[in-house]
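Colleague: This is start-v3.cif (mmCIF, C-alpha atoms).
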```cif
data_model
#
loop_
_atom_site.label_atom_id
_atom_site.label_comp_id
_atom_site.auth_asym_id
_atom_site.auth_seq_id
_atom_site.Cartn_x
_atom_site.Cartn_y
_atom_site.Cartn_z
CA ARG O 28 -10.08 26.16 135.99
CA ARG O 29 -11.81 25.53 132.66
CA GLU O 30 -12.43 21.87 133.53
CA THR O 31 -13.87 22.86 136.92
CA PHE O 32 -16.27 25.25 135.23
CA ARG O 33 -17.18 22.53 132.77
CA LYS O 34 -18.38 20.34 135.67
CA HIS O 35 -20.62 23.13 136.95
CA PHE O 36 -22.38 23.62 133.63
CA GLY O 37 -24.57 20.54 133.92
CA SER O 38 -26.94 22.15 136.42
CA ALA O 39 -26.94 25.53 134.70
CA LEU O 40 -27.79 24.60 131.12
CA GLU O 41 -30.51 22.83 129.20
CA PHE O 42 -28.41 21.62 126.32
CA GLU O 43 -29.90 21.71 122.85
CA ASP O 44 -28.58 20.50 119.51
CA PRO O 45 -25.11 21.89 118.76
CA LEU O 46 -25.06 25.10 116.74
CA PRO O 47 -23.10 25.38 113.49
CA PRO O 48 -19.56 26.76 113.84
CA PHE O 49 -19.44 30.46 114.59
CA VAL O 50 -18.32 32.64 111.68
CA GLU O 51 -17.00 36.07 112.60
CA PRO O 52 -19.11 38.67 110.73
CA GLU O 53 -17.35 40.93 108.29
CA LYS O 54 -16.62 44.47 109.47
CA SER O 55 -19.53 46.75 108.73
CA PRO O 56 -18.92 49.56 106.21
CA PHE O 57 -20.68 51.79 108.72
CA ASP O 58 -18.17 51.09 111.50
CA VAL O 59 -17.28 54.35 113.26
CA ASP O 60 -15.21 55.60 116.16
CA LEU O 61 -17.50 55.10 119.15
CA CYS O 62 -15.81 58.03 120.89
CA GLU O 63 -17.32 60.36 118.27
CA LEU O 64 -20.98 60.80 119.17
CA PRO O 65 -22.01 62.55 115.92
CA GLY O 66 -20.48 59.70 113.89
CA LEU O 67 -22.26 57.06 115.97
CA GLU O 68 -25.56 58.91 115.78
CA MET O 69 -25.26 59.12 111.99
CA TYR O 70 -24.49 55.39 111.91
CA LEU O 71 -27.62 54.60 113.97
CA ARG O 72 -29.77 56.94 111.87
CA THR O 73 -28.65 55.19 108.68
CA ILE O 74 -29.58 51.79 110.12
CA PHE O 75 -32.92 53.07 111.41
CA GLU O 76 -33.95 54.60 108.08
CA ALA O 77 -32.93 51.44 106.18
CA ALA O 78 -35.17 49.36 108.47
CA ASP O 79 -38.08 51.85 108.30
CA THR O 80 -39.11 50.86 104.78
CA SER O 81 -42.52 52.57 105.06
CA GLY O 82 -40.86 55.88 105.87
CA ASP O 83 -43.33 56.67 108.67
CA GLY O 84 -40.57 57.29 111.22
CA GLU O 85 -41.16 54.04 113.13
CA ILE O 86 -40.01 50.43 112.85
CA SER O 87 -42.79 47.85 113.02
CA VAL O 88 -42.37 44.20 113.99
CA ALA O 89 -42.63 43.14 110.34
CA GLU O 90 -40.02 45.70 109.30
CA ALA O 91 -37.72 44.54 112.09
CA ILE O 92 -38.02 40.89 111.02
CA LYS O 93 -37.17 41.84 107.45
CA ALA O 94 -34.26 44.05 108.54
CA VAL O 95 -32.76 41.31 110.73
CA ARG O 96 -32.89 38.99 107.71
CA ASN O 97 -31.27 41.48 105.28
CA ASP O 98 -29.10 43.92 107.27
CA ASP O 99 -26.04 42.80 109.26
CA ASP O 100 -25.86 46.10 111.15
CA PHE O 101 -29.49 46.04 112.29
CA ALA O 102 -29.19 42.36 113.20
CA GLU O 103 -26.13 43.07 115.36
CA LEU O 104 -27.97 45.84 117.21
CA MET O 105 -30.79 43.39 117.89
CA GLY O 106 -28.30 40.98 119.48
CA PHE O 107 -27.59 38.62 116.57
CA GLY O 108 -24.11 37.91 115.25
CA SER O 109 -25.11 38.83 111.70
CA ARG O 110 -28.20 38.82 109.47
CA THR O 111 -30.53 36.03 110.59
CA LYS O 112 -33.76 34.50 109.37
CA VAL O 113 -36.14 34.87 112.31
CA ARG O 114 -37.86 31.61 113.25
CA GLN O 115 -40.01 30.47 116.11
CA ALA O 116 -38.29 27.10 116.44
CA ASP O 117 -34.76 28.29 117.16
CA GLY O 118 -35.70 31.06 119.61
CA SER O 119 -34.66 33.90 117.30
CA ARG O 120 -38.22 35.26 117.14
CA GLU O 121 -38.42 35.34 120.93
CA GLN O 122 -35.06 37.14 121.08
CA LEU O 123 -36.18 39.77 118.57
CA THR O 124 -39.52 40.25 120.33
CA ASP O 125 -37.78 40.77 123.67
CA MET O 126 -35.41 43.29 122.13
CA LEU O 127 -38.19 45.27 120.44
CA GLN O 128 -40.19 45.35 123.67
CA SER O 129 -37.18 46.77 125.52
CA LEU O 130 -36.89 49.52 122.88
CA ASP O 131 -40.62 50.31 122.74
CA GLN O 132 -40.96 52.69 125.68
CA ASP O 133 -44.51 53.92 124.91
CA GLY O 134 -45.97 50.44 124.26
CA ASP O 135 -47.36 51.12 120.77
CA ASN O 136 -45.64 48.01 119.32
CA LYS O 137 -43.40 50.17 117.15
CA VAL O 138 -39.95 51.69 117.69
CA SER O 139 -39.59 55.40 116.97
CA TRP O 140 -36.30 57.11 116.13
CA GLN O 141 -36.23 58.70 119.60
CA GLU O 142 -36.68 55.30 121.28
CA PHE O 143 -34.07 53.72 118.99
CA ARG O 144 -31.55 56.48 119.61
CA GLU O 145 -32.00 56.60 123.39
CA ALA O 146 -31.61 52.82 123.67
CA PHE O 147 -28.08 52.96 122.27
CA LEU O 148 -26.90 56.49 123.14
CA GLY O 149 -28.96 57.40 126.19
CA PRO O 150 -31.22 60.46 126.57
CA LEU O 151 -29.82 63.49 124.76
CA GLU O 152 -30.64 65.71 127.72
CA ASP O 153 -28.58 63.50 130.04
CA GLU O 154 -25.56 63.74 127.72
CA GLU O 155 -25.78 67.53 127.56
CA ASN O 156 -26.13 67.80 131.34
CA GLU O 157 -23.14 65.51 131.85
CA ARG O 158 -21.00 67.56 129.46
CA GLU O 159 -21.99 70.77 131.26
CA GLU O 160 -21.10 69.27 134.64
CA VAL O 161 -17.71 68.08 133.37
CA ASN O 162 -16.93 71.46 131.78
CA GLU O 163 -17.94 73.30 134.96
CA TYR O 164 -15.72 71.01 137.05
CA LEU O 165 -12.76 71.50 134.70
CA ASP O 166 -13.19 75.30 134.75
CA GLU O 167 -13.19 75.31 138.55
CA TYR O 168 -10.18 72.99 138.64
CA ALA O 169 -8.28 75.19 136.18
CA ALA O 170 -8.93 78.23 138.38
CA TYR O 171 -7.57 76.31 141.39
CA LEU O 172 -4.51 75.25 139.39
CA LYS O 173 -3.82 78.87 138.46
CA VAL O 174 -3.77 79.85 142.13
CA VAL O 175 -1.27 77.06 142.88
CA PHE O 176 0.85 77.92 139.83
CA ASP O 177 1.06 81.64 140.72
CA ARG O 178 2.04 80.73 144.27
CA VAL O 179 4.93 78.56 143.06
CA ASP O 180 5.97 81.13 140.42
CA VAL O 181 7.60 83.41 142.98
CA ASP O 182 9.31 85.67 140.43
CA GLY O 183 6.07 86.17 138.47
CA SER O 184 7.69 85.20 135.17
CA GLY O 185 4.77 83.03 134.06
CA SER O 186 6.87 79.87 134.18
CA LEU O 187 8.29 77.56 136.84
CA SER O 188 12.05 77.09 137.03
CA TYR O 189 13.88 74.15 138.54
CA GLY O 190 14.72 76.26 141.59
CA GLU O 191 11.09 77.30 142.09
CA LEU O 192 9.94 73.70 141.85
CA VAL O 193 12.47 72.52 144.44
CA LYS O 194 11.53 75.40 146.76
CA ALA O 195 7.79 74.70 146.44
CA LEU O 196 8.27 70.99 147.07
CA LYS O 197 10.00 71.93 150.31
CA GLU O 198 7.78 74.77 151.53
CA ASP O 199 4.33 74.22 149.96
CA PRO O 200 2.66 71.04 151.36
CA GLU O 201 -0.35 71.41 149.04
CA PHE O 202 1.86 71.53 145.95
CA ALA O 203 4.01 68.65 147.21
CA GLU O 204 0.97 66.44 147.75
CA GLY O 205 -0.93 67.43 144.60
CA SER O 206 2.11 66.91 142.37
CA GLY O 207 2.62 63.38 143.69
CA PHE O 208 5.94 64.15 145.36
CA ALA O 209 4.79 63.19 148.85
CA ASN O 210 4.58 59.47 148.00
CA SER O 211 7.19 59.33 145.23
CA GLY O 212 10.16 58.23 147.34
CA LEU O 213 12.36 60.70 145.44
CA SER O 214 14.37 63.64 146.66
CA ARG O 215 13.04 67.10 145.88
CA GLU O 216 15.77 67.61 143.31
CA GLU O 217 15.06 64.31 141.57
CA PHE O 218 11.32 64.95 141.50
CA ALA O 219 11.79 68.48 140.12
CA ASP O 220 14.01 67.04 137.38
CA ARG O 221 11.34 64.54 136.44
CA MET O 222 8.62 67.20 136.44
CA LEU O 223 10.63 69.27 134.01
CA ASP O 224 11.27 66.26 131.78
CA ALA O 225 7.55 65.38 131.72
CA LEU O 226 5.95 68.82 131.40
CA ASP O 227 8.49 70.98 129.59
CA TRP O 228 7.16 70.27 126.11
CA ASP O 229 8.89 73.18 124.36
CA TRP O 230 12.34 72.42 125.84
CA SER O 231 12.62 75.83 127.49
CA ASP O 232 13.91 74.30 130.75
CA GLU O 233 10.93 75.82 132.53
CA ILE O 234 7.25 74.88 132.84
CA GLU O 235 4.87 77.46 131.37
CA TRP O 236 1.34 77.90 132.70
CA GLU O 237 -0.23 76.23 129.64
CA GLU O 238 2.02 73.17 130.05
CA PHE O 239 1.20 72.94 133.76
CA ARG O 240 -2.55 73.40 133.20
CA ASP O 241 -2.90 70.99 130.27
CA ALA O 242 -1.01 68.19 132.03
CA ALA O 243 -3.13 68.56 135.18
CA LEU O 244 -6.42 68.73 133.24
CA ASP O 245 -5.47 65.65 131.19
CA ALA O 246 -4.87 63.77 134.44
CA ALA O 247 -8.21 65.02 135.81
CA MET O 248 -10.07 63.86 132.68
CA GLU O 249 -8.40 60.45 132.92
CA ALA O 250 -9.49 60.18 136.56
CA LEU O 251 -13.09 61.09 135.62
CA GLU O 252 -13.05 58.47 132.88
CA ARG O 253 -11.79 55.85 135.35
CA GLN O 254 -14.57 56.74 137.79
CA LYS O 255 -17.20 56.57 135.07
CA MET O 256 -15.92 53.24 133.80
CA GLU O 257 -15.76 51.75 137.28
CA ALA O 258 -19.34 52.89 138.00
CA TYR O 259 -20.49 51.22 134.76
CA VAL O 260 -18.68 47.96 135.62
CA ARG O 261 -20.04 48.01 139.18
CA ASP O 262 -23.62 48.48 137.94
CA LEU O 263 -23.15 45.61 135.47
CA PHE O 264 -21.82 43.32 138.22
CA ASP O 265 -24.65 44.20 140.64
CA ARG O 266 -27.28 43.43 137.97
CA VAL O 267 -25.97 39.88 137.62
CA ALA O 268 -24.57 38.90 141.02
CA GLY O 269 -26.67 36.92 143.49
CA ASP O 270 -27.40 37.62 147.13
CA ASP O 271 -23.95 36.28 148.06
CA GLY O 272 -22.30 39.11 146.13
CA GLU O 273 -20.76 36.81 143.52
CA ILE O 274 -21.65 35.64 140.00
CA SER O 275 -22.28 31.90 139.74
CA VAL O 276 -22.26 29.85 136.54
CA ALA O 277 -26.08 29.74 136.49
CA GLU O 278 -26.30 33.52 136.96
CA ALA O 279 -23.80 34.07 134.15
CA VAL O 280 -25.77 31.81 131.79
CA LYS O 281 -29.00 33.67 132.58
CA ALA O 282 -27.37 37.09 132.22
CA CYS O 283 -25.92 36.21 128.82
CA ARG O 284 -29.46 35.48 127.68
CA ASN O 285 -31.01 38.66 129.10
CA ASP O 286 -28.33 41.35 129.37
CA ASP O 287 -26.56 42.73 126.28
CA ASP O 288 -23.81 44.42 128.30
CA PHE O 289 -22.93 41.32 130.28
CA ALA O 290 -23.02 39.14 127.18
CA GLU O 291 -20.59 41.51 125.45
CA ALA O 292 -18.32 41.41 128.51
CA MET O 293 -18.25 37.62 128.10
CA GLY O 294 -17.16 37.97 124.47
CA PHE O 295 -20.49 37.73 122.62
CA ASP O 296 -21.94 40.27 120.16
CA GLY O 297 -25.08 40.70 122.27
CA ARG O 298 -27.62 38.64 124.21
CA THR O 299 -26.93 34.98 123.56
CA LYS O 300 -28.50 31.68 124.62
CA ILE O 301 -25.76 29.45 125.95
CA ARG O 302 -25.98 26.05 124.27
CA GLU O 303 -23.73 23.07 123.77
CA GLY O 304 -21.07 24.19 121.32
CA TRP O 305 -19.05 27.35 120.85
CA THR O 306 -21.23 29.55 123.11
CA LYS O 307 -20.61 27.22 126.04
CA GLU O 308 -16.87 27.13 125.33
CA GLN O 309 -16.73 30.92 125.02
CA LEU O 310 -18.46 31.43 128.37
CA ILE O 311 -16.25 28.83 130.07
CA GLU O 312 -13.18 30.61 128.70
CA SER O 313 -14.33 34.02 129.94
CA LEU O 314 -15.35 32.83 133.40
CA ALA O 315 -12.20 30.75 133.89
CA GLU O 316 -9.99 33.73 133.06
CA MET O 317 -11.85 35.88 135.59
CA ASP O 318 -11.90 33.29 138.39
CA THR O 319 -8.41 33.83 139.77
CA ASP O 320 -9.08 32.05 143.09
CA GLY O 321 -10.59 28.94 141.47
CA ASP O 322 -13.87 28.85 143.45
CA CYS O 323 -16.08 28.71 140.32
CA SER O 324 -17.75 32.04 141.04
CA ILE O 325 -16.78 35.58 140.15
CA SER O 326 -16.27 38.12 142.93
CA TRP O 327 -16.46 41.88 142.44
CA ASP O 328 -12.67 42.20 142.63
CA GLU O 329 -12.19 39.51 139.98
CA PHE O 330 -14.85 41.03 137.71
CA ARG O 331 -13.47 44.54 138.09
CA LYS O 332 -9.89 43.53 137.41
CA ALA O 333 -10.87 41.48 134.35
CA LEU O 334 -12.85 44.30 132.74
CA LEU O 335 -10.77 47.31 133.74
CA GLY O 336 -7.46 45.55 133.29
CA PRO O 337 -4.00 46.99 134.01
CA TRP O 338 -5.23 50.50 133.09
CA ASP O 339 -6.61 50.79 136.61
CA ASP O 340 -4.39 48.22 138.33
CA ASP O 341 -2.12 49.82 140.92
CA GLU O 342 -0.65 46.53 142.09
CA PRO O 343 3.04 46.03 141.25
CA ASP O 344 3.82 43.40 138.65
CA ASP O 345 5.92 40.78 140.44
CA GLU O 346 6.78 39.05 137.18
CA LEU O 347 8.41 42.13 135.65
CA PRO O 348 10.79 43.72 138.18
CA PRO O 349 12.28 47.08 137.19
CA PRO O 350 15.51 46.71 135.22
CA PRO O 351 18.72 47.38 137.13
CA PRO O 352 20.11 50.88 136.70
CA ASP O 353 22.59 51.32 133.89
CA ALA O 354 25.95 52.18 135.45
CA ASN O 355 26.99 54.10 132.33
CA VAL O 356 23.84 56.24 132.44
CA GLU O 357 24.31 56.93 136.15
CA ALA O 358 27.92 57.95 135.57
CA LEU O 359 26.95 60.25 132.70
CA GLU O 360 24.23 61.90 134.80
CA ALA O 361 26.68 62.45 137.65
CA TYR O 362 29.21 63.96 135.21
CA LEU O 363 26.65 66.33 133.68
CA ARG O 364 25.31 67.27 137.09
CA GLY O 365 28.81 68.20 138.19
CA ILE O 366 29.25 70.49 135.19
CA PHE O 367 25.84 72.07 135.72
CA ASP O 368 26.43 72.78 139.40
CA ARG O 369 29.85 74.23 138.57
CA VAL O 370 28.42 76.63 135.99
CA ASP O 371 25.39 77.55 138.12
CA SER O 372 27.45 79.86 140.34
CA SER O 373 24.33 81.48 141.86
CA GLY O 374 22.96 78.10 142.94
CA ASP O 375 19.40 78.96 141.86
CA GLY O 376 19.00 75.75 139.85
CA ALA O 377 19.20 77.48 136.44
CA ILE O 378 22.06 78.66 134.22
CA SER O 379 21.71 82.29 133.20
CA VAL O 380 23.18 83.82 130.02
CA SER O 381 25.94 85.55 132.00
CA GLU O 382 26.87 82.32 133.81
CA ALA O 383 26.99 80.44 130.51
CA ALA O 384 29.14 83.14 128.90
CA ALA O 385 31.58 83.09 131.81
CA ALA O 386 31.77 79.29 131.76
CA LEU O 387 32.44 79.21 128.02
CA ARG O 388 35.57 81.30 128.60
CA ASP O 389 37.05 79.09 131.31
CA ASP O 390 35.34 75.66 131.33
CA GLU O 391 36.37 73.33 128.49
CA GLU O 392 34.01 70.55 129.59
CA PHE O 393 30.99 72.88 129.53
CA ALA O 394 31.96 74.11 126.07
CA GLU O 395 32.41 70.55 124.85
CA VAL O 396 28.93 69.55 126.12
CA LEU O 397 27.44 72.49 124.18
CA GLY O 398 29.49 71.66 121.09
CA VAL O 399 31.46 74.96 121.19
CA ASP O 400 35.10 75.02 120.12
CA MET O 401 37.35 76.95 122.51
#
```
Take the structure in the file and write it out as structure tokens.
Modeller:
Amino acid sequence: RRETFRKHFGSALEFEDPLPPFVEPEKSPFDVDLCELPGLEMYLRTIFEAADTSGDGEISVAEAIKAVRNDDDFAELMGFGSRTKVRQADGSREQLTDMLQSLDQDGDNKVSWQEFREAFLGPLEDEENEREEVNEYLDEYAAYLKVVFDRVDVDGSGSLSYGELVKALKEDPEFAEGSGFANSGLSREEFADRMLDALDWDWSDEIEWEEFRDAALDAAMEALERQKMEAYVRDLFDRVAGDDGEISVAEAVKACRNDDDFAEAMGFDGRTKIREGWTKEQLIESLAEMDTDGDCSISWDEFRKALLGPWDDDEPDDELPPPPPDANVEALEAYLRGIFDRVDSSGDGAISVSEAAAALRDDEEFAEVLGVDM
């Protein structure tokens, strides 16, 4: 596929002199966890103030040129791999000018802190509104979960036993579907066992409300994150794709030059002019890996799968079949299940203190499992 892409590059590129070998920039001392907004904002503020040498709260063109030459972090934000001497001849001045114009929302030929911050973090008001919406959704979902939990908790103990889970999976269609049982292919007993294994974090053999709620809310947050990520990837694809709904080589070359997000998706640090040399090879590598059907263009499905990866891939992996069941494990489970069912004389799916005490008097196997000498 790489060689096929190579043939298509002739009509998409105006080759210039080869660039010097790419040197990976050293890790910035200001590198932070991008999931922590306060840390990232502090990182951006530090870079902004270092570039604003006049201290007037704005970055001028002259200050930006100087900062790109002296500050790796500022240069990277402007789309360069590391600190760069800005020149007219090599296109770096044009790149910096384009970047500053995209930041300068009020057209005064300077970049204020507000403009700088919003370019990389988005409007503060939008972030607060999004957090409020997510919190409101989670509160409503938690209230719904409590209704379901109380319905399944028939004895009102504040926790779900094995017997209650099995009963709800049989008689409560909403619980069966929401828990994932409906499409699991397991028996009610098997699924209840697995629920207990997954959610019973304190080893009480029952699922408390907090365990039930936290597991469901974690799954809800993961689903929201998947939706948000897919929306971002879809918007990125639509910005680049042509009228045919696919990304051609020429469109990818153009997008790498004009779109920071797409360039980063292709493995660059920011907007990059594709020239003969390592940038061409990097783009060929990225496109060839995405193009699974070998037609030298990238469809939405190919783009989505490449960027979201197996995290959101529900297709079974044909190359890694599930391992065969261990006969010894199956035999041990059957043995333990037999002991459990024998001791659980009431058949409610749980061993009470009185049932355990009675079994310890008469059942050597049960005592041996518990480590009690008879």
Colleague: For the provided coordinates, the residues matched by the PyMOL selection byres ((chain O and resi 325-327) around 9) should be stated as a ChimeraX atom specification.
Modeller: /O:261,264-265,268,272-276,314,317-320,322-324,328-332
Colleague: Could you check how far atom CA of O:Asp270 sits from atom CA of O:Asn285, in Å to one decimal?
Modeller: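 Separation of atom CA of O:Asp270 and atom CA of O:Asn285: 18.4 Å.
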Colleague: Which of these, O:Leu334, O:Arg266, O:Lys255, O:Leu130, has the shortest distance to O:Met293 once you count only C-alpha atoms?
Modeller: O:Leu334
Colleague: From the list O:Gly297, O:Gly82, O:Gly365, O:Gly321, which residue is nearest O:Met105 when using all atoms listed in the file?
Modeller: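 So, comparing all the options, the nearest one is O:Gly297.
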Colleague: When you count all atoms listed in the file, which of these residues is closest to O:Ala290: O:Ala77, O:Leu310, O:Leu123, O:Leu104?
Modeller: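 Ranked by minimum distance to O:Ala290, first place goes to O:Leu310.
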Colleague: Taking the file as I've supplied it (selection: the PyMOL selection byres ((chain O and resi 90) around 10)), which residues are included? Please answer as an mmCIF file with C-alpha atoms, in the coordinates of the input.
Modeller:
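Saved as selection05.cif:
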```
data_model
loop_
_atom_site.group_PDB
_atom_site.id
_atom_site.type_symbol
_atom_site.label_atom_id
_atom_site.label_comp_id
_atom_site.auth_asym_id
_atom_site.auth_seq_id
_atom_site.Cartn_x
_atom_site.Cartn_y
_atom_site.Cartn_z
ATOM 1 C CA ALA O 77 -32.930 51.440 106.180
ATOM 2 C CA ALA O 78 -35.170 49.360 108.470
ATOM 3 C CA ASP O 79 -38.080 51.850 108.300
ATOM 4 C CA THR O 80 -39.110 50.860 104.780
ATOM 5 C CA SER O 81 -42.520 52.570 105.060
ATOM 6 C CA GLU O 85 -41.160 54.040 113.130
ATOM 7 C CA ILE O 86 -40.010 50.430 112.850
ATOM 8 C CA SER O 87 -42.790 47.850 113.020
ATOM 9 C CA VAL O 88 -42.370 44.200 113.990
ATOM 10 C CA ALA O 89 -42.630 43.140 110.340
ATOM 11 C CA ALA O 91 -37.720 44.540 112.090
ATOM 12 C CA ILE O 92 -38.020 40.890 111.020
ATOM 13 C CA LYS O 93 -37.170 41.840 107.450
ATOM 14 C CA ALA O 94 -34.260 44.050 108.540
ATOM 15 C CA VAL O 95 -32.760 41.310 110.730
ATOM 16 C CA ARG O 96 -32.890 38.990 107.710
ATOM 17 C CA LYS O 137 -43.400 50.170 117.150
#
```
Colleague: Could you tell me how far atom CA of O:Arg284 sits from atom CA of O:Gly118, in Å to one decimal place?
Modeller: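 Atom CA of O:Gly118 sits 11.1 Å away from atom CA of O:Arg284.
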Colleague: State, in Å with one decimal place, the distance from atom CA of O:Leu127 to atom CA of O:Phe101.
Modeller: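 Result for atom CA of O:Leu127 versus atom CA of O:Phe101: 11.9 Å, one decimal.
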Colleague: For the structure shown, which residues end up in the PyMOL selection byres ((chain O and resi 386) around 12)? Put them as a VMD selection string, please?
Modeller: chain O and resid 366 to 372 378 to 385 387 to 397 399 401
